[in-house]
Structures are given as structure tokens and as C-alpha cells.
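*Asks:* So that we are looking at the same thing, I have put the structure below in C-alpha cells.
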Amino acid sequence: MRQTARDGELPGCTPGCVPRTKIAIPRVPVSFVRREPLRHLLDQAGEVPVIVVCAPAGYGKTLALADWVTAGPAAWVSLDRDDNDASRFWSAVLSAMAECVPDDNPLRDLAPPAVADEPGFLAEIVDALDALDSPLRLVLDDVHEIVTPRTLRGLETLIRYVPKGLRLVLSTRLDPPLPLARLRAQGNLAEIRANRLRFCRDDAAAMLRAVGVELEDEQLRLLVDQTEGWAAGLRLAALSLRDAADRDEFLADFAADDRSVADYLLGEVLTRLPRRTRQFLRVISICDEVSPPLAATLSGLDDAGVLLDVLERESSLVTSVDVRGQRYRIHTLLRSYLRADFDRQHPERTAELHRIAATWFASEQRVLEALDHAGQAGDRAMVVALLRRHAVMLLVTGEHHDVTQALALAGPDMIAEDPSLALISAFAHLAGGELTAAETDFARSHAIWPSRCSTDMALLRWLVGAHLALVRGKPPAALMTAEYPGGLPSMGAGLEAWARMAVGWTSLYFADLGTARRELREALRLASGNGFDHLVVQCQTVLGVACALDGDYVAMAEASAAAISLASGRGWCRSPWLATDYLILAFARLLQLDPAASRRYAAQAERVNRVASEPRLRFMIGFVEGVARFDAGDRSTGLHRMRQARRQLGNVVLLPELAATVAVLEHRCALMLGQYAHAREIFDWTRGRIGDTAELSLLEAWWLVATGRAGASGALCSALDGARPELCPITRVAALLLETAIALRAGRRTQARCALQTALALAEPVRLIRPFGEAGPMVRRLLADQQGGFGPLDDFASRVCEAVTGLGVVCARGVLTRREQAVLTQLPSQCSLDEIASDLTLSVNTVKTHVRSVYMKLGVSNRRAAVVAARELGLI
């Protein structure tokens with residue numbers, strides 16, 4: 001589309017010996033992708049006298065402008081090196097403009113004088129342009145080719161006077177040496193640079209379709225990322241993709257190996273740069289990003305910062321990635337080509353540059369970049385030195401993947417011979433939830449442990465061992481006394497936070513919840529204040545467990561939600577710690593009577609727990625999922641799931657608070673279904689686990705009420721008098737609700753209302769709603785009747801009523817057919833099935849079928865239990 005004019009020898013010349021192809025607007029190909037946002041941007045820019053369109057080769061400047069100028073009168077000049085002759089330049093400009101102005105305009109007869117930048121000649125051009133009724137667009141394409149002062153002075157004069165009949169468009173790869181700053185200050189300059197010319201995904205997809213290539217979403221994303229929306233790169237890729245047998249493989253190698261891209265970059269970009277600049281770009285291409293000091297270190301050039309600034313400002317080959325111009329990167333495709341080419345031709349020099357970069361990054365405390373470059377340099381000694389010095393801090397900040405990669409570079413032989421590396425490897429496996437590998441490395445470190453070691457090594461060994469014991473559920477009692485090797489003052493913030501977290505975690509096993517929460521909060525403070533994100537996740541997780549055991553259900557949920565949010569933001573979605581956090585959120589939703597959300601969180605906990613299954617965690621996930629099923633109406637299956645989880649637990653020890661919570665939840669569900677043998681089994685299991693506590697008295701009171709036996713009031717008094725330890729907040733709230741029910745049956749409404757209000761007061765701070773949902777219809781009716789009379793508790797009482805009612809509706813909806821519902825409404829009567837059949841004009845066999853179906857759907861086995869369950873669900 002562009003041909004160089006030499007001495008008017010080409011055919012098709014104008015009278016002034018200017019080749020037609022030089023001043024013809026380039027033809028837009030059929031496959032051209034018209035981008036309306038870019039055209040709109042050019043339309044807006046066309047309102048000012050001068051437009052500069054500046055971007056490296058291949059950004060589509062020429063075609064974008066050719067498409068745009070066809071909408072109105074426009075002159076076009078394709079410039080080349082010969083146009084550094086001022087006479088040739090002005091001959092081409094005049095010839096182009098002459099075809100676009102009226103017959104009587106002086107531009108048609110004007111010819112350049114011997115000295116083409118003569119002031120009178122330029123003044124004539126300005127006057128002729130001012131005489132135009134509407135502005136003429138003049139596009140000068142490839143302005144970067146003009147470098148001689150005389151031609152540039154003439155162009156500068158034209159710009160300075162800004163004729164009202166001219167809209168000058170300068171298309172260039174570099175900012176021309178013209179007074180652009182003055183134009184910018186005057187508001188007479190519009191600039192469109194590479195960032196506005198880049199193709200977005202939709203544009204790229206349209207370009208590919210135009211040449212018969214369709215890519216999947218992920219393939220398209222990868223291609224656009226690799227090319228950074230560079231039009232030439234996209235078009236070259238499209239041509240190759242049409243014949244590529246494996247597109248994924250092609251895209252994976254495209255940036256560095258595609259021959260057509262390499263040829264284009266070499267021919268159109270690199271060969272046009274000064275040799276010093278080319279060499280500078282090759283050297284800094286080993287880094288994804290460089291700062292001026294790093295660029296100076298790599299290249300040995302004192303003016304590296306100036307060179308980076310010039311390359312960004314004048315060519316867009318280098319882009320600043322921060323507002324202060326402290327970090328730069330080379331265009332992705334160009335960097336990939338330079339790096340691959342440099343590595344092929346000078347592998348020894350490449351390794352040396354990586355070593356220099358590693359040393360520089362290490363001096364700046366940018367350890368991850370230092371490890372990366374040391375690995376690329378193949379310098380195992382440097383990798384090992386960096387690991388020994390920085391690995392622990394990297395691990396507590398959550399960079400265990402990078403540490404694992406660095407350990408792989410060091411090699412298994414070095415890990416097997418170095419106790420500190422073996423400990424670091426054990427720590428990294430622990431962070432990733434790989435417990436077996438962690439134990440193997442820890443045992444290896446013991447086998448090669450030196451007779452004398454530093455305090456830091458002893459401390460690391462102690463911490464890794466303590467952590468392993470905690471994960472396996474066998475914490476050493478010594479942790480409770482905080483007997484750290486060398487004491488806390490010898491630790492850095494990261495190790496101190498880790499040690500305090502271990503002490504807090506151990507305190508849970510020994511039921512010292514006060515110490516646990518204190519140590520965990522201090523560990524969290526240290527970890528948060530120093531950016532140790534992975535340790536923050538661990539602290540929040542264990543703190544959530546401590547709050548749960550302490551009955552602080554609000555703080556429990558907040559801690560676990562914070563852990564999940566941070567881990568998700570860092571991409572640690574499969575961290576084994578999250579299984580506990582999802583379980584806690586499932587439990588929190590259960591207590592708020594939201595079984596659907598509880599099951600969702602339990603399912604997420606189960607997915608994560610498959611990475612590193614722990615028996616107590618596995619038990620609690622299954623148990624909570626069972627309770628959620630029960631609350632959602634699948635009662636028989638839910639209760640079976642609870643029993644199954646408990647039996648699979650076997651003799652594994654549970655913390656007393658946890659055992660008490662499990663007992664209260666499962667026992668009540670068993671009684672609600674009339675499964676008294678199951679309830680008795682739980683009573684015996686609880687007595688063997690936690691002994692004589694308020695929870696055991698509550699279970700006994702429930703049992704006596706459900707079976708109609710005497711002594712329920714005495715057992716209830718034992719649950720409420722405070723003489724026995726009370727292990728979970730659910731217990732007192734549930735006991736008060738049982739007192740409410742007993743008082744209502746005895747006609748003591750005032751006592752019932754007082755007990756209900758006390759239950760609300762205890763439940764409100766911890767958002768405990770579930771016990772109200774299973775308290776029975778009489779208690780729920782009292783709660784509804786008394787709304788508005790609970791004073792400060794009215795809002796919470798309303799939420800409880802809404803949750804209980806909403807759950808009943810959800811459970812009732814779709815549970816029974818119309819006929820089954822009709823049969824169910826007859827069951828509370830003393831009528832026989834024959835009498836019910838007669839009353840409903842059905843056969844007795846049909847009624848029996850409906851009754852069996854009702855039992856199955858409600859998860860019960862007898863008529864009395866069906867009535868109780870139906871009332872609980874609001875079905876009758």
C-alpha cells in the first residue's frame with residue numbers, strides 16, 4: 001500500500017512528479033475490523049488543529065486513519081526517507097491538498113520554491129488554507145521518517161500558525177521533534193497513543209473471524225494477553241492459527257517461537273533502533289519489569305533511567321507500570337522475542353545477567369524475584385542461601401508455592417543432606433496440607449541433625465514439630481508453658497506470631513479457652529501488622545474454633561469469614577485451613593435456622609477437607625450436614641446422618657464443649673421423631689464423654705417430658721441452677737424454652753413469659769435462633785402473641801418469629817400431596833383408620849397407603865411421632 005517515490009520515475013505521477021500511490025488514501029482491506037469507539041475518538045480529536053497518532057509499528061495506525069478519513073474531504077501523504085528533501089516533501093503535500101480544494105484556491109497553482117522553507121511560501125500555504133470554507137484533513141503518515149531540520153522547520157511553521165482551514169494528522173512511531181508541548185498547553189493538540197489503538201478481546205475475535213479463525217474464550221484471552229492487543233501480532237497469529245494442528249500448543253509457544261512475529265519485530269522494530277538501544281533492550285528483557293537502578297545494574301549504563309523514559313515517551317516499546325515511573329516493562333511479544341533470541345545466542349551471558357538480577361533483588365529484600373532469577377541462572381548455591389535466610393518469612397506470608405519451587409531447584413539431594421532445608425521443606429508441606437510429606441521431611445531432619453545448632457534452627461525444629469503434633473491432634477503439654485527455645489525475645493515477629501498461634505491452639509485441647517483467645521489475638525496482631533497473610537489465615541481459623549467453643553458465635557463467624565476472604569483473595573482456595581472455616585460458617589447458619597446455607601457451607605468444607613482429612617473435622621462436617629438436612633425437612637435422613645457420623649468417630653476424643661453441643665442437637669432431633677432408643681443411646685454416649693453437666697440434666701428433662709414420666713421439673717432445675725458446669729450456650733436457652741413449655745402446660749403463663757424473655761436475652765447476643773424452632777408450637781405461639789412486648793428484644797424476637805415461620809413454610813411446601821395432607825389432619829383425632837377412611841370417603845387400604853407415605857416423608861415410624869413432627873413443621 002505504500003511505495004517510495006524516487007525522482008518521479010513511477011507511473012501514475014501527478015504533474016508535479018509525485019507518484020499517485022504516495023498521495024492516495026490506502027485501501028482498507030475486506031477483512032478490516034472497523035472499531036466504532038476508535039472512530040468516535042478520532043471524530044472528537046478532529047475538532048482540534050493537530051492530532052498525533054503515535055504507536056510502534058503494527059498497531060494499525062494507517063488503516064485506522066484511512067478508514068476514518070473516507071468520511072470527508074482529506075489529503076494523504078505517505079512519507080519516506082526521500083521526503084527529508086524539503087522540496088520533495090512540499091511537492092507531495094501540495095499535490096495531495098490540490099486534489100481536495102476548490103478550483104479557485106491558490107493551493108492548486110502553488111509550487112515549492114528552490115528554498116522550500118522560505119517564509120513567503122509557507123505564508124501562502126497558510127493563507128490558502130484559511131480561505132477554505134471547511135477544514136481540510138491532511139494526514140502525514142510515517143512522520144518519524146522526517147529527521148532533517150529544514151523539513152521539520154517548515155512543518156513547525158505550519159503548526160505554529162494553525163490555519164483554521166486545516167486539521168493536521170501526524171501518524172508516527174515516535175514523537176516528532178515538534179513543539180507538541182506548546183500545542184498541548186494551548187489546547188490545540190489531541191493525542192492517540194498505543195493504549196487507545198490496542199485491540200480488546202471483542203475486536204480481536206472479529207479480526208480472527210474475518211480470516212476464518214474461531215477461538216475458545218480462554219484461547220482468545222491468552223492470545224490477547226500475549227500480544228497486548230497489538231494488531232500486527234494478532235494478524236500474524238491469525239495467519240498461523242488457520243493451519244495450526246494444535247492451537248493450544250501454538251498459543252503456548254507463539255510469543256517466543258513464531259517465525260513471522262520474529263521477522264516482523266526484527267525488520268520493522270529492532271533494526272530501526274540505534275544499536276545502543278537494541279542492546280539495552282536485550283539486556284533488560286531478562287526481567288519482567290525493571291526499575292531505573294536495576295536497568296543500570298544490568299546494562300552498565302548510567303543513563304538507563306533516561307533511556308527508559310525516552311523509550312516510553314517516544315516509542316511505546318516500553319511502558320511504565322506505576323505512576324511515578326519507577327517500574328517499566330517491555331511490550332510482551334517484543335520481550336519474549338528478545339529474551340529467547342538472547343538466550344539462544346548468548347546463554348552464558350544470560351545466566352550471568354540472571355545472577356546479577358538475583359543479587360540486586362536480594363539486596364532490595366525482594367526475595368521472590370531473587371529466587372526466580374537465581375533459579376534461572378542455575379545457581380543452586382544462591383537458591384539455598386536465599387532459602388536458609390528467607391524461607392520461613394515467605395512461608396508465614398503464604399508464599400509456600402514459591403518456596404516449594406525453590407526447594408525443587410535446590411534438589412532432593414541437598415534437602416536430604418541439609419537439616420535446615422529438610423525443616424523448611426517440612427514447613428512448606430505443612431502449609432500446603434501435605435501432612436505425610438511434612439512428617440517424612442521432619443523425620444529426615446532428625447536423622448541428620450547436628451550435635452550443635454543455632455538457636456534459630458532449634459526454634460524452627462520446635463515449631464515444626466509442635467505444628468505437626470497439633471495437626472495430628474496430639475499437642476505436647478510443654479506448649480502450654482510457652483517453653484520456647486531461646487525464649488520469645490529471640491524470635492522475629494513471624495516466628496513469635498507462629499509460636500503464639502501454636503500455644504493458643506494447644507490451649508484449646510486443654511480446655512483453657514481464656515489463654516487460647518489471648519494468645520491467638522496476640523498472634524493475629526503480630527501477623528496482621530507484618531503482612532504474614534498465611535499466618536493470619538491460620539490465626540483467624542483457630543480463633544474461630546476458640547470462639548465457637550467459648551460460645552461466642554458472632555465472633556466465631558466473623559473470624560472464619562475473615563479467613564476465607566483473605567485466603568480467597570490470595571488464591572488459596574484449596575488451603576486445608578478453609579475446611580474448618582467453612583464448617584464454622586455452616587454451624588453458624590445452622591444456629592440461625594438457615595439450613596440451606598448451612599448445607600452449602602458444609603459441602604464446601606467437605607470438598608476442601610478431601611485434601612487433608614482429619615477425623616474430628618470429618619465427623620463435624622457430616623454431623624452438621626445431617627442437622628441441616630433435618631431442619632430442612634428431610635428428618636429421617638438427617639438423623640441417620642448424625643448417628644452415622646458419630647459412630648464413625650469411634651473412640652476419637654472430642655473436646656467437652658464440642659461433645660456437649662453434638663449431644664444437645666442430636667438428642668432433641670431423636671426425641672422429635674419419637675426415636676427414644678436413639679435418644680437413650682445419645683444420653684449414654686454423652687455421660688461417658690462429658691460426665692455430670694448441665695447438658696446431661698437437659699437431656700434427661702427432655703426425655704422425661706417426651707415419654708410422659710415424672711421428674712422433668714427436677715431435672716430441668718438441675719440444668720438451670722448453675723451447680724453443674726454448662727459447656728455450651730445452647731443448653732441454657734433450650735432449658736429455658738423447655739421451662740416455658742412446661743409452664744404453659746401448667747397454665748402458668750406469667751412464668752412462661754418470663755422464661756421466654758430470659759431465653760431471648762441469652763440468645764440475642766450470639767444470634768442463636770435454632771432452639772426456638774424446635775421449642776414446640778405452644779412456645780412459638782406465645783412468642784408470636786407477645787411480639788412488641790419484649791422491649792429492647794423486640795427486633796430479635798421478630799427475627800426469630802420470621803425464621804421459625806419461614807422454615808416451617810419451606811419444610812411444608814411440597815412435602816405432602818393434597819390427599820396426604822387431608823389424612824394427616826385426621827391423625828391427631830382418636831379416630832381409627834377405618835373411621836378416617838369413612839370420613840374421607842376413601843378405602844381403608846388407600847388411607848393406609850397415605851399414612852405410610854406420610855410417615856416416610858416426615859421421617860417417623862408411628863402416629864404420635866407423625867403428629868408431633870407435623871405440628872413442628874406447621875403442617876397441622
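In the C-alpha cells, each chain is lettered A, B, ... as it comes, each chain's residues begin at 1, and ligands are numbered from 1 in order of appearance.
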What lies within 12 Å of A:Thr350 using only C-alpha atoms, ignoring chain neighbours under 2 positions off, as a PyMOL selection string?
*Replies:* chain A and resi 282-287+298+338-348+352-357+373-374+376-378
*Asks:* Within 9 Å of stretch 433-449 of chain A, counting only C-alpha atoms, which residues qualify if same-chain residues fewer than 5 places away don't, as JSON, numbers by chain?
*Replies:* {"A": [415, 416, 417, 418, 419, 420, 421, 422, 423, 424, 425, 426, 427, 428, 461, 464, 465, 468, 471, 472, 575, 576, 577, 611, 612]}
*Asks:* Just to be explicit: take each residue in the selection above, keep N, CA and C atoms, and write the result as a CSV table (one decimal), in the first residue's frame.
*Replies:*
```
chain,number,residue,atom,x,y,z
A,415,ILE,N,18.4,-31.3,50.0
A,415,ILE,CA,17.4,-31.4,51.1
A,415,ILE,C,17.8,-32.6,52.0
A,416,ALA,N,18.1,-33.7,51.4
A,416,ALA,CA,18.4,-34.9,52.2
A,416,ALA,C,19.7,-34.7,53.0
A,417,GLU,N,20.6,-33.8,52.7
A,417,GLU,CA,21.9,-33.6,53.4
A,417,GLU,C,21.9,-32.4,54.3
A,418,ASP,N,20.8,-31.6,54.2
A,418,ASP,CA,20.8,-30.3,55.0
A,418,ASP,C,19.6,-30.3,55.9
A,419,PRO,N,19.8,-30.3,57.2
A,419,PRO,CA,18.7,-30.4,58.2
A,419,PRO,C,17.8,-29.1,58.1
A,420,SER,N,18.4,-28.0,57.9
A,420,SER,CA,17.6,-26.7,57.8
A,420,SER,C,16.7,-26.8,56.6
A,421,LEU,N,17.2,-27.3,55.4
A,421,LEU,CA,16.4,-27.4,54.2
A,421,LEU,C,15.3,-28.4,54.4
A,422,ALA,N,15.6,-29.5,55.1
A,422,ALA,CA,14.6,-30.5,55.4
A,422,ALA,C,13.5,-29.9,56.3
A,423,LEU,N,13.8,-29.1,57.3
A,423,LEU,CA,12.8,-28.5,58.1
A,423,LEU,C,12.0,-27.5,57.3
A,424,ILE,N,12.6,-26.7,56.4
A,424,ILE,CA,11.9,-25.8,55.5
A,424,ILE,C,11.0,-26.5,54.6
A,425,SER,N,11.4,-27.6,54.1
A,425,SER,CA,10.6,-28.5,53.2
A,425,SER,C,9.4,-29.0,54.0
A,426,ALA,N,9.6,-29.4,55.3
A,426,ALA,CA,8.5,-29.9,56.1
A,426,ALA,C,7.5,-28.8,56.4
A,427,PHE,N,8.0,-27.6,56.6
A,427,PHE,CA,7.1,-26.4,56.9
A,427,PHE,C,6.3,-26.1,55.6
A,428,ALA,N,6.9,-26.2,54.4
A,428,ALA,CA,6.2,-25.9,53.2
A,428,ALA,C,5.1,-26.9,52.9
A,461,ARG,N,12.9,-26.1,64.4
A,461,ARG,CA,12.6,-27.5,64.6
A,461,ARG,C,11.5,-27.7,65.7
A,464,VAL,N,8.0,-26.6,64.0
A,464,VAL,CA,7.5,-27.5,63.0
A,464,VAL,C,7.0,-28.8,63.7
A,465,GLY,N,7.7,-29.2,64.7
A,465,GLY,CA,7.3,-30.4,65.5
A,465,GLY,C,6.0,-30.2,66.2
A,468,LEU,N,3.1,-30.0,63.7
A,468,LEU,CA,2.7,-31.4,63.2
A,468,LEU,C,1.9,-32.1,64.3
A,471,VAL,N,-1.6,-30.6,64.3
A,471,VAL,CA,-2.4,-31.1,63.1
A,471,VAL,C,-2.9,-32.5,63.3
A,472,ARG,N,-2.1,-33.3,63.9
A,472,ARG,CA,-2.4,-34.7,64.2
A,472,ARG,C,-3.3,-34.9,65.5
A,575,SER,N,-6.7,-24.3,50.5
A,575,SER,CA,-6.0,-24.4,51.7
A,575,SER,C,-6.7,-25.3,52.7
A,576,PRO,N,-6.0,-26.3,53.3
A,576,PRO,CA,-6.7,-27.2,54.3
A,576,PRO,C,-7.4,-26.5,55.4
A,577,TRP,N,-6.8,-25.3,55.8
A,577,TRP,CA,-7.4,-24.5,56.9
A,577,TRP,C,-8.9,-24.1,56.6
A,611,VAL,N,-8.6,-32.7,50.8
A,611,VAL,CA,-7.2,-32.6,50.6
A,611,VAL,C,-6.4,-33.1,51.8
A,612,ALA,N,-6.9,-32.9,53.0
A,612,ALA,CA,-6.2,-33.4,54.2
A,612,ALA,C,-7.3,-33.7,55.3
```
*Asks:* Could you state the separation of atom CA of A:Ala86 and atom CA of A:Gly154 in Å, given to one decimal place?
*Replies:*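 Atom CA of A:Gly154 lies 8.1 Å from atom CA of A:Ala86.
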*Asks:* Between A:Glu218, A:Cys547, A:Leu524, A:Gly212, which one has atoms that come closest to A:Ser31, using only C-alpha atoms?
*Replies:*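 Closest to A:Ser31 of all the choices is A:Gly212.
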*Asks:* Can you tell me how far atom CA of A:Pro656 sits from atom CA of A:Gly504, in Å to one decimal?
*Replies:* 17.3 Å
*Asks:* Can you pull out every residue within 9 Å of A:Arg770, counting only C-alpha atoms, but drop anything in the same chain fewer than 3 positions away, and send it as a compact mmCIF listing (two decimals) with N, CA and C atoms, in the first residue's frame?
*Replies:*
```
# COMPACT_ATOMS: atom_id res chain seq x y z
N LEU A 590 -26.55 -22.84 60.82
CA LEU A 590 -27.43 -23.81 61.47
C LEU A 590 -28.08 -23.18 62.70
N LEU A 591 -27.29 -22.48 63.49
CA LEU A 591 -27.81 -21.84 64.71
C LEU A 591 -28.77 -20.71 64.38
N GLN A 592 -28.63 -20.15 63.15
CA GLN A 592 -29.54 -19.07 62.73
C GLN A 592 -30.75 -19.62 61.99
N LEU A 593 -30.91 -20.93 62.00
CA LEU A 593 -32.04 -21.61 61.36
C LEU A 593 -32.09 -21.34 59.86
N ASP A 594 -30.93 -21.48 59.23
CA ASP A 594 -30.82 -21.32 57.77
C ASP A 594 -30.20 -22.60 57.21
N ILE A 730 -26.16 -23.06 73.96
CA ILE A 730 -27.42 -23.64 73.52
C ILE A 730 -28.18 -24.25 74.70
N GLY A 773 -36.85 -22.82 67.08
CA GLY A 773 -37.50 -23.55 66.01
C GLY A 773 -37.95 -24.94 66.42
N GLU A 774 -37.34 -25.50 67.47
CA GLU A 774 -37.69 -26.85 67.92
C GLU A 774 -38.36 -26.83 69.30
N ALA A 775 -38.82 -25.63 69.72
CA ALA A 775 -39.36 -25.50 71.08
C ALA A 775 -40.80 -25.96 71.19
N VAL A 800 -36.61 -13.97 65.09
CA VAL A 800 -36.82 -15.38 65.46
C VAL A 800 -38.14 -15.88 64.89
N ALA A 803 -37.85 -16.35 61.13
CA ALA A 803 -37.05 -17.51 60.76
C ALA A 803 -37.81 -18.80 61.01
N VAL A 804 -38.46 -18.90 62.16
CA VAL A 804 -39.20 -20.12 62.51
C VAL A 804 -40.36 -20.33 61.54
```
*Asks:* Fewer than 3 positions away in the same chain doesn't count, so skip those; otherwise give me all residues within 8 Å of A:Ala752, counting only C-alpha atoms, as an NGL selection string.
*Replies:* :A and (739-744 or 748-749 or 755-756)
*Asks:* Got a sec: who's within 9 Å of stretch 100-109 of chain A, counting only C-alpha atoms, leaving out chain neighbours fewer than 2 positions off, as number ranges by chain?
*Replies:* A: 73-75, 94-98, 111, 124-125, 127-129, 131-132, 136
*Asks:* Can I get the selected residues back with C-alpha atoms, as a PDB file, in the first residue's frame?
*Replies:*
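Contents of the output file out-v5.pdb:
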```pdb
ATOM      1  CA  PRO A  73     -12.512  15.628   2.324  1.00  0.00           C
ATOM      2  CA  ALA A  74      -8.985  14.551   3.190  1.00  0.00           C
ATOM      3  CA  ALA A  75      -5.476  14.685   1.765  1.00  0.00           C
ATOM      4  CA  LEU A  94       0.752  20.428  -2.205  1.00  0.00           C
ATOM      5  CA  SER A  95      -0.201  17.704  -4.685  1.00  0.00           C
ATOM      6  CA  ALA A  96      -2.292  15.922  -2.058  1.00  0.00           C
ATOM      7  CA  MET A  97      -4.083  19.080  -0.937  1.00  0.00           C
ATOM      8  CA  ALA A  98      -4.650  20.352  -4.502  1.00  0.00           C
ATOM      9  CA  ALA A 111       4.682  25.158  -6.238  1.00  0.00           C
ATOM     10  CA  GLU A 124       0.955  31.475   1.081  1.00  0.00           C
ATOM     11  CA  ILE A 125       0.034  27.983   2.218  1.00  0.00           C
ATOM     12  CA  ASP A 127      -3.439  31.996   3.641  1.00  0.00           C
ATOM     13  CA  ALA A 128      -4.785  29.488   1.139  1.00  0.00           C
ATOM     14  CA  LEU A 129      -5.857  27.138   3.929  1.00  0.00           C
ATOM     15  CA  ALA A 131      -9.617  30.687   2.736  1.00  0.00           C
ATOM     16  CA  LEU A 132     -11.281  27.270   2.858  1.00  0.00           C
ATOM     17  CA  LEU A 136      -9.286  20.004   5.265  1.00  0.00           C
TER      18      LEU A 136
END
```
*Asks:* Suppose you want the space between atom CA of A:Leu658 and atom CA of A:Ser560; what is it in Å?
*Replies:* 17.3 Å
*Asks:* Under the rule that only C-alpha atoms are counted, which of A:Arg709, A:Leu720, A:Cys669, A:Gln787 is the nearest residue to A:Ala694?
*Replies:*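 For A:Ala694, the nearest of the candidates is A:Leu720.
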*Asks:* Using only C-alpha atoms, pick whichever of A:Gln786, A:Thr70, A:Ser171, A:Asn651 has the shortest atom-to-atom distance to A:Thr750.
*Replies:*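 Comparing A:Gln786, A:Thr70, A:Ser171, A:Asn651 against A:Thr750, the winner is A:Gln786.
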*Asks:* Using only C-alpha atoms, which protein or nucleic acid residues come within 12 Å of A:Gly300? Drop anything in the same chain fewer than 2 positions from it, and give the result as a PyMOL selection string.
*Replies:* chain A and resi 276+279-280+283-284+292-298+302-305+353+356
*Asks:* Emit the selected residues as a JSON list (two decimals), in the first residue's frame, including N, CA and C atoms.
*Replies:*
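Written file, part_36.json:
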```json
[["chain", "number", "residue", "atom", "x", "y", "z"],
["A", 276, "ARG", "N", 22.85, 0.90, 20.36],
["A", 276, "ARG", "CA", 22.92, 1.01, 21.83],
["A", 276, "ARG", "C", 21.56, 0.70, 22.47],
["A", 279, "GLN", "N", 20.76, -3.10, 22.21],
["A", 279, "GLN", "CA", 21.49, -3.88, 23.20],
["A", 279, "GLN", "C", 20.91, -3.69, 24.60],
["A", 280, "PHE", "N", 20.50, -2.48, 24.90],
["A", 280, "PHE", "CA", 19.90, -2.17, 26.20],
["A", 280, "PHE", "C", 18.60, -2.97, 26.39],
["A", 283, "VAL", "N", 19.29, -6.70, 27.06],
["A", 283, "VAL", "CA", 19.81, -6.98, 28.41],
["A", 283, "VAL", "C", 18.68, -6.93, 29.45],
["A", 284, "ILE", "N", 17.85, -5.90, 29.39],
["A", 284, "ILE", "CA", 16.81, -5.78, 30.42],
["A", 284, "ILE", "C", 15.64, -6.72, 30.17],
["A", 292, "PRO", "N", 14.76, 1.87, 37.06],
["A", 292, "PRO", "CA", 15.99, 2.50, 36.54],
["A", 292, "PRO", "C", 17.27, 1.98, 37.20],
["A", 293, "PRO", "N", 17.32, 1.83, 38.55],
["A", 293, "PRO", "CA", 18.55, 1.29, 39.15],
["A", 293, "PRO", "C", 18.87, -0.14, 38.68],
["A", 294, "LEU", "N", 17.86, -0.99, 38.57],
["A", 294, "LEU", "CA", 18.11, -2.36, 38.10],
["A", 294, "LEU", "C", 18.57, -2.34, 36.65],
["A", 295, "ALA", "N", 17.93, -1.52, 35.82],
["A", 295, "ALA", "CA", 18.34, -1.42, 34.42],
["A", 295, "ALA", "C", 19.78, -0.95, 34.31],
["A", 296, "ALA", "N", 20.17, 0.00, 35.17],
["A", 296, "ALA", "CA", 21.55, 0.48, 35.16],
["A", 296, "ALA", "C", 22.52, -0.62, 35.59],
["A", 297, "THR", "N", 22.13, -1.42, 36.58],
["A", 297, "THR", "CA", 22.98, -2.52, 37.05],
["A", 297, "THR", "C", 23.16, -3.57, 35.96],
["A", 298, "LEU", "N", 22.10, -3.91, 35.27],
["A", 298, "LEU", "CA", 22.17, -4.93, 34.24],
["A", 298, "LEU", "C", 22.93, -4.47, 33.01],
["A", 302, "ASP", "N", 24.83, 4.45, 32.89],
["A", 302, "ASP", "CA", 24.42, 5.40, 33.93],
["A", 302, "ASP", "C", 23.11, 6.11, 33.59],
["A", 303, "ASP", "N", 22.81, 6.24, 32.30],
["A", 303, "ASP", "CA", 21.59, 6.95, 31.89],
["A", 303, "ASP", "C", 20.45, 5.99, 31.58],
["A", 304, "ALA", "N", 20.46, 4.83, 32.22],
["A", 304, "ALA", "CA", 19.42, 3.83, 31.94],
["A", 304, "ALA", "C", 18.03, 4.38, 32.22],
["A", 305, "GLY", "N", 17.89, 5.15, 33.30],
["A", 305, "GLY", "CA", 16.59, 5.72, 33.62],
["A", 305, "GLY", "C", 16.09, 6.68, 32.55],
["A", 353, "LEU", "N", 23.53, -12.53, 33.69],
["A", 353, "LEU", "CA", 22.59, -11.43, 33.94],
["A", 353, "LEU", "C", 21.53, -11.83, 34.97],
["A", 356, "ILE", "N", 23.14, -11.54, 38.28],
["A", 356, "ILE", "CA", 23.23, -10.13, 38.69],
["A", 356, "ILE", "C", 21.87, -9.64, 39.18]]
```
*Asks:* Report as a tab-separated table: every residue of stretch 22-130 of chain A with an atom at most 12 Å from stretch 325-335 of chain A, its closest pair of atoms, and their distance in Å to one decimal, counting only C-alpha atoms, with rows sorted by chain and ascending residue number.
*Replies:*
```
residue	atom	partner	partner_atom	distance
A:Ala55	CA	A:His331	CA	11.8
A:Pro56	CA	A:His331	CA	10.2
A:Ala57	CA	A:Leu334	CA	11.6
```
